[in-house]
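A.B. asks: The following block contains the structure, expressed as structure tokens.
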Amino acid sequence: MTNTERKIDELVLGFWRLLDWKISAQQCLSFLEQAIDAGVKHTDHADIYGEYGCEAQFGKVLLLKPRIRDDIKIITKCGIKPAFPSLGLAGQANHYNSSARHIIASAQQSLKHFNTDRLDVLLIHRPDYLMNADEMAKAFTTLKQSGDVLEFGVSNFTPSQLSLLQSRLDFELVTNQVEFSPYEMKALDDGSLDQCQLLDIKPMCWSPLAGGRIFADSDDKAIRLRHVLEQVGREIGASSIDQVVYAWLLMHPSSPSVVLGTGNIKRVESAVAAKQLKVSREQWYRIWQGSTGHSVP
């Protein structure tokens, strides 16, 4: 597999709110087909989304048109063990499990949920304080050799945690999914994006619109950001401030992928159009300044 084939696309469909969209499997299939036509073919999931219900619902979508499986890439995550009361776990502690047994069992369960014979990418959802890198690498190797999972990555890992795991593997991790938006820019300073450049892997940006805070919050940061995003949007011909955010994110030299958390095809098409927008260095830093409230030194 070439480096290009291993890459994750610039825009990824996020399905963590799939059940909240209140749409049928047929409606979701139509949305997926339209997104593919627009050029967005990679999908992001996790075993725990929808209290373990979103993967299975997406699997029902794939059953409606099995051949569409070859048109998409399925990225999913495991490793968080929430104490969902609906599952009779009230009183237990939310925790992480990165044991080889759990990773393998989770991947096999995801295969069943998706009604597929392989996962394109499997990520560890959160770094586990009890992570045994050798054991995790053993699980990855087992799943790769069986063909159940083609590629692996991590999510929310620090650079040192990613380096530790990578040191135990004979193949390269393909991504670190991190929170990154003009509102939440920690990844710019904690070494995460630098490491992605160093290793030539794509970071995946979750919550690129800060969960809607950029649009709705009334704190000083959100107000400053809206003002500068609207200003830059007028300058570059954007139709909405979310387009400016996507253009700002995609400008970063780590070549990030942006996870879109919408089931609205118009918003997906708007994100695709944002790829053609160009933000200057001065505009990029003006948005950075809008977030921080101060100029660079």
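In the structure tokens, the first chain shown is A, the next is B, and so on; residue numbers restart at 1 for each chain, and ligands run from 1 in the order shown.
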Which parts of stretch 57-139 of chain A does DSSP call strand (DSSP E) when run on the backbone here, written out as a list in words?

C.D. replies: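 Answer for stretch 57-139 of chain A, restricted to strand (DSSP E): Lys73, Ile74, Ile75, Thr76, Lys77, Cys78, Ile80, Lys81, His95, Tyr96, Leu119, Asp120, Val121, Leu122, Leu123 and Ile124 of chain A.
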
A.B. asks: Selection from above, N, CA and C atoms, as a compact mmCIF listing (two decimals), in the first residue's frame, can you write it?

C.D. replies:
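Output saved as part21.txt:
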```
# COMPACT_ATOMS: atom_id res chain seq x y z
N LYS A 73 -14.28 4.57 3.34
CA LYS A 73 -13.31 4.08 4.31
C LYS A 73 -13.96 4.19 5.69
N ILE A 74 -13.93 3.11 6.44
CA ILE A 74 -14.50 3.08 7.78
C ILE A 74 -13.38 3.23 8.81
N ILE A 75 -13.45 4.31 9.57
CA ILE A 75 -12.52 4.57 10.66
C ILE A 75 -13.32 4.48 11.95
N THR A 76 -12.90 3.65 12.88
CA THR A 76 -13.63 3.56 14.14
C THR A 76 -12.65 3.48 15.30
N LYS A 77 -13.18 3.60 16.51
CA LYS A 77 -12.35 3.72 17.70
C LYS A 77 -12.85 2.78 18.81
N CYS A 78 -11.94 2.44 19.70
CA CYS A 78 -12.30 1.61 20.86
C CYS A 78 -11.40 1.98 22.02
N ILE A 80 -12.61 3.10 25.29
CA ILE A 80 -13.32 3.74 26.39
C ILE A 80 -14.41 2.79 26.89
N LYS A 81 -14.54 2.67 28.19
CA LYS A 81 -15.57 1.83 28.79
C LYS A 81 -16.46 2.71 29.68
N HIS A 95 -13.97 4.10 32.56
CA HIS A 95 -12.55 3.76 32.56
C HIS A 95 -12.09 3.42 31.15
N TYR A 96 -10.81 3.17 31.02
CA TYR A 96 -10.22 2.81 29.74
C TYR A 96 -9.75 1.35 29.79
N LEU A 119 -12.07 -3.45 8.85
CA LEU A 119 -12.08 -2.05 9.26
C LEU A 119 -10.89 -1.39 8.58
N ASP A 120 -11.10 -0.26 7.96
CA ASP A 120 -9.99 0.40 7.27
C ASP A 120 -8.98 0.97 8.25
N VAL A 121 -9.48 1.61 9.32
CA VAL A 121 -8.59 2.17 10.34
C VAL A 121 -9.23 1.97 11.71
N LEU A 122 -8.44 1.48 12.67
CA LEU A 122 -8.89 1.36 14.05
C LEU A 122 -8.02 2.27 14.92
N LEU A 123 -8.67 3.11 15.72
CA LEU A 123 -7.97 4.02 16.62
C LEU A 123 -8.23 3.64 18.07
N ILE A 124 -7.26 3.87 18.93
CA ILE A 124 -7.49 3.81 20.36
C ILE A 124 -8.04 5.17 20.76
```

A.B. asks: Applying 9 Å and only C-alpha atoms, which residues near A:Pro159 remain after dropping the ones on its own chain fewer than 2 positions away? List them as a PyMOL selection string.

C.D. replies: chain A and resi 157+161-164+190-196

A.B. asks: When you count only C-alpha atoms, which of these residues is closest to A:Ser155: A:Leu199, A:Met185, A:Leu19, A:Cys205?

C.D. replies: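 Looking only at the distances to A:Ser155, the closest residue turns out to be A:Cys205.
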
A.B. asks: Might you pull out every residue within 12 Å of A:Gly211, with only C-alpha atoms counted and same-chain residues fewer than 3 positions away left off, and present them as a list in words?

C.D. replies: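 Residues near the query, excluding close chain neighbours: Arg17, Glu179, Phe180, Ser181, Pro182, Tyr183, Glu184, Trp206, Ser207, Pro208, Ile214, Phe215, Ala216, Asp217, Ala222, Asp242, Val259, Leu260, Gly261 and Thr262 of chain A.
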
A.B. asks: My list of candidates is A:Ala187, A:Ala25, A:Ala210, A:Met204. Which is closest to A:Gly153 when distances are computed with only C-alpha atoms?

C.D. replies: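 The closest residue to A:Gly153 is A:Met204.
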
A.B. asks: Using only C-alpha atoms, which protein or nucleic acid residues come within 12 Å of A:Arg101? Drop anything in the same chain fewer than 4 positions from it, and give the result as a PDB file with C-alpha atoms, in the first residue's frame.

C.D. replies:
```
ATOM      1  CA  CYS A  78     -12.303   1.615  20.859  1.00  0.00           C
ATOM      2  CA  GLY A  79     -10.856   1.646  24.363  1.00  0.00           C
ATOM      3  CA  ASN A  97      -9.239  -0.648  28.537  1.00  0.00           C
ATOM      4  CA  ALA A 105     -12.876  -8.188  20.917  1.00  0.00           C
ATOM      5  CA  SER A 106     -13.930  -4.596  20.186  1.00  0.00           C
ATOM      6  CA  ALA A 107     -12.642  -4.783  16.609  1.00  0.00           C
ATOM      7  CA  GLN A 108     -14.470  -8.052  16.014  1.00  0.00           C
ATOM      8  CA  GLU A 135       0.329  -5.641  24.617  1.00  0.00           C
ATOM      9  CA  MET A 136      -1.381  -3.014  22.480  1.00  0.00           C
ATOM     10  CA  ALA A 137       1.104  -3.602  19.667  1.00  0.00           C
ATOM     11  CA  LYS A 138       0.433  -7.340  19.920  1.00  0.00           C
ATOM     12  CA  ALA A 139      -3.297  -6.702  19.435  1.00  0.00           C
ATOM     13  CA  PHE A 140      -2.654  -4.431  16.448  1.00  0.00           C
ATOM     14  CA  THR A 142      -2.846  -9.799  15.367  1.00  0.00           C
ATOM     15  CA  LEU A 143      -5.668  -7.806  13.789  1.00  0.00           C
TER      16      LEU A 143
END
```

A.B. asks: One number please: atom CA of A:Ile68 to atom CA of A:Ile201, in Å, one decimal.

C.D. replies: 26.5 Å
